[in-house]
Structures are given as C-alpha cells and as structure tokens.
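A.B. asks: Attaching a single structure in structure tokens format; questions to follow.
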Amino acid sequence: PPLCLRVNTAQTCREDLLADLEKQGLPARPATVSPDGIYLDGNPGIHELTCLRDGRAIIQDEPSQLVAHIVDPQPHEVIFDVCAAPGGKTTHLATLGGPSCVVYGGDIHEHKLRLIEYNAQKLGLKNVRTLLQNGCTIGQKYAGKADRVLVDAPCSGLGVLRHKIDLRWRKNPSDLRTLPALQRRILDSASQCVRPGGILVYSTCTMNDDENSRIVAEFLKNHPEFHVENATQWLPVPGHEGPFIQLLPQRDSLDGFFIARMKKEG
C-alpha cells in the first residue's frame, strides 16, 4: 500500500506540505476523505522524509485519521483515548482540539505509554497526558470525568491485512469468538467516563460485524442513556449515509474500518 501521512496542522497545512514534497521531487497527492491526509506515490523511505523528522507530519493510515474528526474535540474539553498506544489518534485529537483541550491517552502497558509521549513530543503537542490504566476498569476510577471518550478497541485487524501480512497466519477463528467479549467490557467501562451530554466513539480496524455493529447494538440496548448519532455528519464519506461508517477495501479502496458515534443524554 502507498505510504500515508497525516499533516500536523498545529505546525503547517496540507497545501504547504504538498508543495514542499513537490520541491523535493517526491510525488504526493491529497487523501480523498481525510482533510489531513497525504499519500506518497513513491516511498523514498521514512528516513528521507524531513517532515517526519521535524514533526510536520506523522505516518497514519487514512481510515485511522477519520476517527478524530468523528470525535470532534473542542477547546477546553477533556478527552479520553482509552486504548491509545502508539498515539496516532491521541495526537490527532490533541491537534484538532487545540492547546486548551487536554487529551489523556490510556494503555495497560507502561512501555506503550512512552510511545504516546514520544509521538506527542515529536509533534510539539503539550496537551497530551498518559494514563496507565486497564480499559476494562477505567470507568470505576474516572466516572464522569471526560467530555468525549474514544474506544479504539483491540480487534481481529481483518481490515488491515495488506499492512500486516503476518496476521493471516497469526489469527484463527477462536479470536473472532473471544474478542467481542473483551470489546464489550472495554466499551461498557469507558462509557462510564462520559459526562452527561458527552460523546462516545467506538472504532475498530476490522470488517467483522460481531466486533462492530453488533457490539454497538448490544451496548445501546443495555445503555438507554446513550443514542447513536450519524457519524457522516461530522465527516462525509462518499457512498456512506450512516449512521455508522463501515469501510470495505473492495468498495472504498481503503482499509477495512468501523466507526460509531454515540451521545449520552444530558
């Protein structure tokens, strides 16, 4: 797959970075859906890209870039990214929300938190914090503390097989049966962190309904205080009318990805 960059709009804009890449003789084009995405038609190697070294861009696939726009962070808000490492979505949320917005990136592994901190520092973001926290129990400690919560859940990864070819041999049918239980626990706990009137976004990089729409449907049934919103109102995706965004490689020419946006009654 072509290399996809996300422009760090806290430092530059997509038009300026495209012009700079052209000056360097690197063919590049804007992403179709993400307003922050750039594709490099020829991959010179990441060590040749000055924009990665100086923090004007970060490597992030286009579907993954859509999530922060669906969360739609606002100034002065507190945002939780529950399963955050290595921090691509965390730093995107912090960029879109602006310096007065504080984004907490959580993970169960301490060494992964250092990846979030590294990426935030690389991009010059001072509004990112990290939480050493289990996503299955985070709601017990931080109930009602966040204006918006993102659950980018651990999943089977079937939508990104072209990036992670080894998944074909490492995944087996039992994963598709055990992962939904974990996803439900994380979503249930993370939802407790949402303040009344706040937003909860659930996403995965898979195409398996049991990990996507059925998880959300069961959650909404058990949590009547939440209702689903049409995600495409925050970021239009060609061919999608909502309420969920389910990208399919054969239809959308993008990695398989799922995004649902829900609001808690205020």
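Following the order of the structure tokens, chains are lettered A, B, ..., residues in each are numbered from 1, and ligands are numbered from 1.
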I need the residues in range 168-251 of chain A that are strand (DSSP E or B) according to DSSP; give them as a ChimeraX atom specification.

C.D. replies: /A:194-204,226-229,245-247

A.B. asks: Let's have the selection written as a PDB file, in the first residue's frame, with N, CA, C and O atoms.

C.D. replies:
```pdb
ATOM      1  N   VAL A 194     -17.898   9.069  30.462  1.00  0.00           N
ATOM      2  CA  VAL A 194     -18.521  10.146  29.687  1.00  0.00           C
ATOM      3  C   VAL A 194     -19.452  10.974  30.568  1.00  0.00           C
ATOM      4  O   VAL A 194     -20.342  10.436  31.236  1.00  0.00           O
ATOM      5  N   ARG A 195     -19.253  12.265  30.552  1.00  0.00           N
ATOM      6  CA  ARG A 195     -20.139  13.172  31.280  1.00  0.00           C
ATOM      7  C   ARG A 195     -21.505  13.236  30.597  1.00  0.00           C
ATOM      8  O   ARG A 195     -21.619  12.976  29.397  1.00  0.00           O
ATOM      9  N   PRO A 196     -22.572  13.609  31.323  1.00  0.00           N
ATOM     10  CA  PRO A 196     -23.865  13.820  30.679  1.00  0.00           C
ATOM     11  C   PRO A 196     -23.745  14.833  29.539  1.00  0.00           C
ATOM     12  O   PRO A 196     -23.110  15.880  29.693  1.00  0.00           O
ATOM     13  N   GLY A 197     -24.294  14.484  28.394  1.00  0.00           N
ATOM     14  CA  GLY A 197     -24.185  15.329  27.218  1.00  0.00           C
ATOM     15  C   GLY A 197     -22.931  15.090  26.419  1.00  0.00           C
ATOM     16  O   GLY A 197     -22.724  15.717  25.375  1.00  0.00           O
ATOM     17  N   GLY A 198     -22.075  14.172  26.887  1.00  0.00           N
ATOM     18  CA  GLY A 198     -20.798  13.911  26.229  1.00  0.00           C
ATOM     19  C   GLY A 198     -20.901  12.902  25.095  1.00  0.00           C
ATOM     20  O   GLY A 198     -21.959  12.336  24.817  1.00  0.00           O
ATOM     21  N   ILE A 199     -19.775  12.656  24.450  1.00  0.00           N
ATOM     22  CA  ILE A 199     -19.705  11.841  23.240  1.00  0.00           C
ATOM     23  C   ILE A 199     -18.842  10.600  23.486  1.00  0.00           C
ATOM     24  O   ILE A 199     -17.793  10.673  24.133  1.00  0.00           O
ATOM     25  N   LEU A 200     -19.298   9.483  22.934  1.00  0.00           N
ATOM     26  CA  LEU A 200     -18.573   8.214  22.990  1.00  0.00           C
ATOM     27  C   LEU A 200     -18.411   7.703  21.560  1.00  0.00           C
ATOM     28  O   LEU A 200     -19.394   7.572  20.830  1.00  0.00           O
ATOM     29  N   VAL A 201     -17.178   7.438  21.145  1.00  0.00           N
ATOM     30  CA  VAL A 201     -16.915   6.923  19.802  1.00  0.00           C
ATOM     31  C   VAL A 201     -16.232   5.558  19.923  1.00  0.00           C
ATOM     32  O   VAL A 201     -15.296   5.386  20.711  1.00  0.00           O
ATOM     33  N   TYR A 202     -16.739   4.596  19.137  1.00  0.00           N
ATOM     34  CA  TYR A 202     -16.199   3.238  19.119  1.00  0.00           C
ATOM     35  C   TYR A 202     -15.685   2.949  17.715  1.00  0.00           C
ATOM     36  O   TYR A 202     -16.379   3.202  16.726  1.00  0.00           O
ATOM     37  N   SER A 203     -14.446   2.434  17.630  1.00  0.00           N
ATOM     38  CA  SER A 203     -13.883   2.146  16.316  1.00  0.00           C
ATOM     39  C   SER A 203     -13.050   0.876  16.361  1.00  0.00           C
ATOM     40  O   SER A 203     -12.531   0.486  17.417  1.00  0.00           O
ATOM     41  N   THR A 204     -12.935   0.222  15.192  1.00  0.00           N
ATOM     42  CA  THR A 204     -12.058  -0.935  15.029  1.00  0.00           C
ATOM     43  C   THR A 204     -11.488  -0.910  13.609  1.00  0.00           C
ATOM     44  O   THR A 204     -12.025  -0.228  12.732  1.00  0.00           O
ATOM     45  N   PHE A 226     -27.588   6.371  26.213  1.00  0.00           N
ATOM     46  CA  PHE A 226     -26.850   6.719  25.005  1.00  0.00           C
ATOM     47  C   PHE A 226     -27.730   6.514  23.775  1.00  0.00           C
ATOM     48  O   PHE A 226     -28.557   5.610  23.734  1.00  0.00           O
ATOM     49  N   HIS A 227     -27.530   7.357  22.768  1.00  0.00           N
ATOM     50  CA  HIS A 227     -28.174   7.135  21.473  1.00  0.00           C
ATOM     51  C   HIS A 227     -27.150   7.368  20.364  1.00  0.00           C
ATOM     52  O   HIS A 227     -26.214   8.165  20.519  1.00  0.00           O
ATOM     53  N   VAL A 228     -27.337   6.658  19.271  1.00  0.00           N
ATOM     54  CA  VAL A 228     -26.381   6.739  18.174  1.00  0.00           C
ATOM     55  C   VAL A 228     -26.606   8.014  17.370  1.00  0.00           C
ATOM     56  O   VAL A 228     -27.747   8.478  17.217  1.00  0.00           O
ATOM     57  N   GLU A 229     -25.510   8.598  16.892  1.00  0.00           N
ATOM     58  CA  GLU A 229     -25.573   9.757  16.009  1.00  0.00           C
ATOM     59  C   GLU A 229     -25.000   9.357  14.651  1.00  0.00           C
ATOM     60  O   GLU A 229     -24.223   8.405  14.542  1.00  0.00           O
ATOM     61  N   ILE A 245     -19.980   4.264  10.032  1.00  0.00           N
ATOM     62  CA  ILE A 245     -19.071   4.218   8.897  1.00  0.00           C
ATOM     63  C   ILE A 245     -18.417   2.843   8.885  1.00  0.00           C
ATOM     64  O   ILE A 245     -17.750   2.466   9.855  1.00  0.00           O
ATOM     65  N   GLN A 246     -18.669   2.074   7.846  1.00  0.00           N
ATOM     66  CA  GLN A 246     -18.024   0.772   7.680  1.00  0.00           C
ATOM     67  C   GLN A 246     -17.308   0.766   6.347  1.00  0.00           C
ATOM     68  O   GLN A 246     -17.911   0.616   5.285  1.00  0.00           O
ATOM     69  N   LEU A 247     -15.998   0.984   6.390  1.00  0.00           N
ATOM     70  CA  LEU A 247     -15.198   0.984   5.182  1.00  0.00           C
ATOM     71  C   LEU A 247     -14.865  -0.448   4.776  1.00  0.00           C
ATOM     72  O   LEU A 247     -14.525  -1.274   5.626  1.00  0.00           O
TER      73      LEU A 247
END
```

A.B. asks: Fewer than 6 positions away in the same chain doesn't count, so skip those; otherwise give me all residues within 8 Å of range 175-185 of chain A, counting only C-alpha atoms, as an mmCIF file with all heavy atoms, in the first residue's frame.

C.D. replies:
```cif
data_model
loop_
_atom_site.group_PDB
_atom_site.id
_atom_site.type_symbol
_atom_site.label_atom_id
_atom_site.label_comp_id
_atom_site.auth_asym_id
_atom_site.auth_seq_id
_atom_site.Cartn_x
_atom_site.Cartn_y
_atom_site.Cartn_z
ATOM 1 N N CYS A 136 -10.753 -2.086 30.786
ATOM 2 C CA CYS A 136 -11.910 -2.821 31.319
ATOM 3 C C CYS A 136 -12.385 -2.273 32.661
ATOM 4 O O CYS A 136 -13.491 -2.597 33.107
ATOM 5 C CB CYS A 136 -11.581 -4.302 31.462
ATOM 6 S SG CYS A 136 -11.285 -5.163 29.902
ATOM 7 N N ALA A 153 -10.940 -0.095 19.897
ATOM 8 C CA ALA A 153 -10.841 -1.355 20.626
ATOM 9 C C ALA A 153 -9.851 -2.337 20.001
ATOM 10 O O ALA A 153 -9.672 -2.356 18.778
ATOM 11 C CB ALA A 153 -12.223 -2.009 20.697
ATOM 12 N N PRO A 154 -9.215 -3.171 20.834
ATOM 13 C CA PRO A 154 -8.447 -4.297 20.293
ATOM 14 C C PRO A 154 -9.361 -5.159 19.431
ATOM 15 O O PRO A 154 -10.499 -5.442 19.828
ATOM 16 C CB PRO A 154 -7.997 -5.054 21.552
ATOM 17 C CG PRO A 154 -8.151 -4.086 22.676
ATOM 18 C CD PRO A 154 -9.266 -3.174 22.299
ATOM 19 N N CYS A 155 -8.903 -5.539 18.245
ATOM 20 C CA CYS A 155 -9.790 -6.253 17.326
ATOM 21 C C CYS A 155 -9.000 -7.262 16.503
ATOM 22 O O CYS A 155 -7.780 -7.372 16.631
ATOM 23 C CB CYS A 155 -10.533 -5.266 16.411
ATOM 24 S SG CYS A 155 -9.463 -4.467 15.182
ATOM 25 N N SER A 156 -9.708 -7.970 15.638
ATOM 26 C CA SER A 156 -9.078 -9.004 14.806
ATOM 27 C C SER A 156 -8.182 -8.423 13.722
ATOM 28 O O SER A 156 -7.348 -9.130 13.156
ATOM 29 C CB SER A 156 -10.159 -9.889 14.171
ATOM 30 O OG SER A 156 -11.043 -9.097 13.388
ATOM 31 N N ASP A 210 -19.583 -8.952 14.212
ATOM 32 C CA ASP A 210 -19.634 -9.297 15.635
ATOM 33 C C ASP A 210 -18.759 -8.373 16.474
ATOM 34 O O ASP A 210 -18.980 -8.223 17.677
ATOM 35 C CB ASP A 210 -19.183 -10.745 15.852
ATOM 36 C CG ASP A 210 -20.248 -11.750 15.423
ATOM 37 O OD1 ASP A 210 -21.414 -11.344 15.271
ATOM 38 O OD2 ASP A 210 -19.908 -12.933 15.230
ATOM 39 N N GLU A 211 -17.770 -7.749 15.862
ATOM 40 C CA GLU A 211 -16.896 -6.819 16.572
ATOM 41 C C GLU A 211 -17.302 -5.365 16.346
ATOM 42 O O GLU A 211 -16.725 -4.466 16.980
ATOM 43 C CB GLU A 211 -15.452 -7.007 16.118
ATOM 44 C CG GLU A 211 -14.887 -8.391 16.352
ATOM 45 C CD GLU A 211 -13.480 -8.526 15.811
ATOM 46 O OE1 GLU A 211 -12.582 -7.871 16.364
ATOM 47 O OE2 GLU A 211 -13.291 -9.260 14.826
ATOM 48 N N ILE A 215 -21.688 -5.115 18.430
ATOM 49 C CA ILE A 215 -21.210 -4.602 19.714
ATOM 50 C C ILE A 215 -21.956 -3.328 20.079
ATOM 51 O O ILE A 215 -22.419 -3.144 21.209
ATOM 52 C CB ILE A 215 -19.687 -4.319 19.648
ATOM 53 C CG1 ILE A 215 -18.900 -5.621 19.523
ATOM 54 C CG2 ILE A 215 -19.232 -3.513 20.874
ATOM 55 C CD1 ILE A 215 -18.847 -6.456 20.766
ATOM 56 N N PHE A 219 -24.629 -2.649 23.100
ATOM 57 C CA PHE A 219 -24.339 -1.590 24.061
ATOM 58 C C PHE A 219 -25.515 -0.627 24.201
ATOM 59 O O PHE A 219 -25.920 -0.276 25.318
ATOM 60 C CB PHE A 219 -23.084 -0.824 23.622
ATOM 61 C CG PHE A 219 -22.808 0.402 24.447
ATOM 62 C CD1 PHE A 219 -22.174 0.301 25.670
ATOM 63 C CD2 PHE A 219 -23.196 1.659 23.995
ATOM 64 C CE1 PHE A 219 -21.932 1.432 26.448
ATOM 65 C CE2 PHE A 219 -22.958 2.793 24.761
ATOM 66 C CZ PHE A 219 -22.321 2.678 25.995
#
```

A.B. asks: Find, counting only C-alpha atoms, the residue in A:Leu161, A:Thr90, A:Leu113, A:Thr130 that gets nearest to Pro249 in chain A.

C.D. replies: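 Among A:Leu161, A:Thr90, A:Leu113, A:Thr130, it is A:Leu161 that comes nearest to Pro249 in chain A.
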
A.B. asks: Could you tell me how far CA of Ala31 in chain A lies from CA of Arg6 in chain A, in Å and to one decimal?

C.D. replies: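 Between these atoms lies a distance of 9.4 Å.
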
A.B. asks: Nearest to Leu158 in chain A among A:Ala143, A:Val67, A:Gly256, A:Asp107, with distances taken over only C-alpha atoms: which residue is it?

C.D. replies: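 For Leu158 in chain A, the nearest of the given residues is A:Gly256.
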
A.B. asks: Leaving out Val237 in chain A and any residue of its chain fewer than 5 positions from it, which residues lie within 10 Å of it when counting only C-alpha atoms, given as a list of chain:residue names?

C.D. replies: A:Thr32, A:Val33, A:Ser34, A:Leu66, A:Ala231, A:Thr232, A:Gly242, A:Ile245, A:Gln246, A:Leu247, A:Asp252

A.B. asks: Write a file of the selected residues as a short mmCIF file (atom, residue, chain, number, x, y, z; two decimals), in the first residue's frame, keeping N, CA, C and O atoms.

C.D. replies:
```
data_model
loop_
_atom_site.label_atom_id
_atom_site.label_comp_id
_atom_site.auth_asym_id
_atom_site.auth_seq_id
_atom_site.Cartn_x
_atom_site.Cartn_y
_atom_site.Cartn_z
N THR A 32 -8.35 11.26 -0.17
CA THR A 32 -9.69 11.51 -0.68
C THR A 32 -10.66 11.96 0.40
O THR A 32 -11.43 12.91 0.22
N VAL A 33 -10.62 11.30 1.57
CA VAL A 33 -11.60 11.57 2.62
C VAL A 33 -11.02 12.41 3.74
O VAL A 33 -11.60 13.40 4.16
N SER A 34 -9.87 12.01 4.25
CA SER A 34 -9.27 12.75 5.37
C SER A 34 -8.76 14.11 4.91
O SER A 34 -7.95 14.19 3.98
N LEU A 66 -9.71 9.33 10.18
CA LEU A 66 -11.10 9.79 10.21
C LEU A 66 -11.66 9.84 11.63
O LEU A 66 -12.55 10.63 11.93
N ALA A 231 -22.52 9.39 12.11
CA ALA A 231 -21.11 9.78 12.08
C ALA A 231 -20.75 10.60 10.84
O ALA A 231 -19.84 11.43 10.88
N THR A 232 -21.46 10.38 9.73
CA THR A 232 -21.13 11.07 8.49
C THR A 232 -21.47 12.57 8.55
O THR A 232 -21.06 13.32 7.67
N GLY A 242 -24.59 6.53 6.74
CA GLY A 242 -24.63 6.38 8.19
C GLY A 242 -25.72 5.43 8.65
O GLY A 242 -26.36 4.79 7.82
N ILE A 245 -19.98 4.26 10.03
CA ILE A 245 -19.07 4.22 8.90
C ILE A 245 -18.42 2.84 8.88
O ILE A 245 -17.75 2.47 9.85
N GLN A 246 -18.67 2.07 7.85
CA GLN A 246 -18.02 0.77 7.68
C GLN A 246 -17.31 0.77 6.35
O GLN A 246 -17.91 0.62 5.28
N LEU A 247 -16.00 0.98 6.39
CA LEU A 247 -15.20 0.98 5.18
C LEU A 247 -14.86 -0.45 4.78
O LEU A 247 -14.52 -1.27 5.63
N ASP A 252 -14.42 0.77 -1.05
CA ASP A 252 -13.96 2.11 -0.76
C ASP A 252 -12.50 2.35 -1.10
O ASP A 252 -12.00 3.47 -0.95
#
```

A.B. asks: Could you tell me which of A:Asp36, A:Asp152, A:Glu265, A:Glu77 comes closest to Leu18 in chain A if we count only C-alpha atoms?

C.D. replies: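 Among the listed residues, the smallest separation from Leu18 in chain A belongs to A:Asp36.
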
A.B. asks: I need the residue nearest Val149 in chain A from this list: A:Ala120, A:Leu115, A:Met207, A:Ile70. Use only C-alpha atoms for the distance.

C.D. replies: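 Using only C-alpha atoms, Val149 in chain A sits closest to A:Ile70.
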
A.B. asks: Using only C-alpha atoms, which protein or nucleic acid residues come within 9 Å of range 80-85 of chain A? Drop anything in the same chain fewer than 4 positions from it, and give the result as a ChimeraX atom specification.

C.D. replies: /A:89-90,93,102-109,112-116,130-131,133-135,138,145-154,186,190,193-194

A.B. asks: Skip Ala94 in chain A itself and residues of its chain fewer than 2 positions away, then list as a ChimeraX atom specification all residues within 12 Å of it, counting only C-alpha atoms.

C.D. replies: /A:8-10,68-69,71-81,87-92,96-105,116,119-121,123-129

A.B. asks: Write out as a list in words the residues lying within 9 Å of Gly42 in chain A, counting only C-alpha atoms and excluding same-chain residues fewer than 6 positions away.

C.D. replies: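 Everything that qualifies: Pro2, Leu3, Leu26, Pro27 and Ala28 of chain A.
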
A.B. asks: With only C-alpha atoms as the atoms that count, which of A:Pro243, A:Pro86, A:Pro63, A:Gly37 lies nearest to Val7 in chain A?

C.D. replies: A:Gly37

A.B. asks: Mind pulling up the distance from CA of His223 in chain A to CA of Ser191 in chain A?

C.D. replies: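 Pair CA of Ser191 in chain A / CA of His223 in chain A returns 9.2 Å.
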
A.B. asks: For Gln192 in chain A, list every protein, DNA or RNA residue within 8 Å, evaluated using only C-alpha atoms, and leave out those in the same chain fewer than 6 positions away; present the list as a ChimeraX atom specification.

C.D. replies: /A:139-140,142-144

A.B. asks: As a VMD selection string, list the residues of range 152-224 of chain A assigned to alpha helix (DSSP H) by DSSP on the backbone atoms of this structure.

C.D. replies: chain A and resid 167 to 170 173 to 191 213 to 222

A.B. asks: Looking at only C-alpha atoms, which of A:Leu254, A:Leu40, A:Leu220, A:Ile259 is the one that sits closest to Trp234 in chain A?

C.D. replies: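 Going through A:Leu254, A:Leu40, A:Leu220, A:Ile259 one by one, the smallest distance to Trp234 in chain A is for A:Ile259.
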
A.B. asks: Figure out the distance between CA of Phe257 in chain A and CA of Asn172 in chain A, please, to one decimal in Å.

C.D. replies: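 Atom-to-atom, CA of Asn172 in chain A and CA of Phe257 in chain A are spaced 19.5 Å apart.
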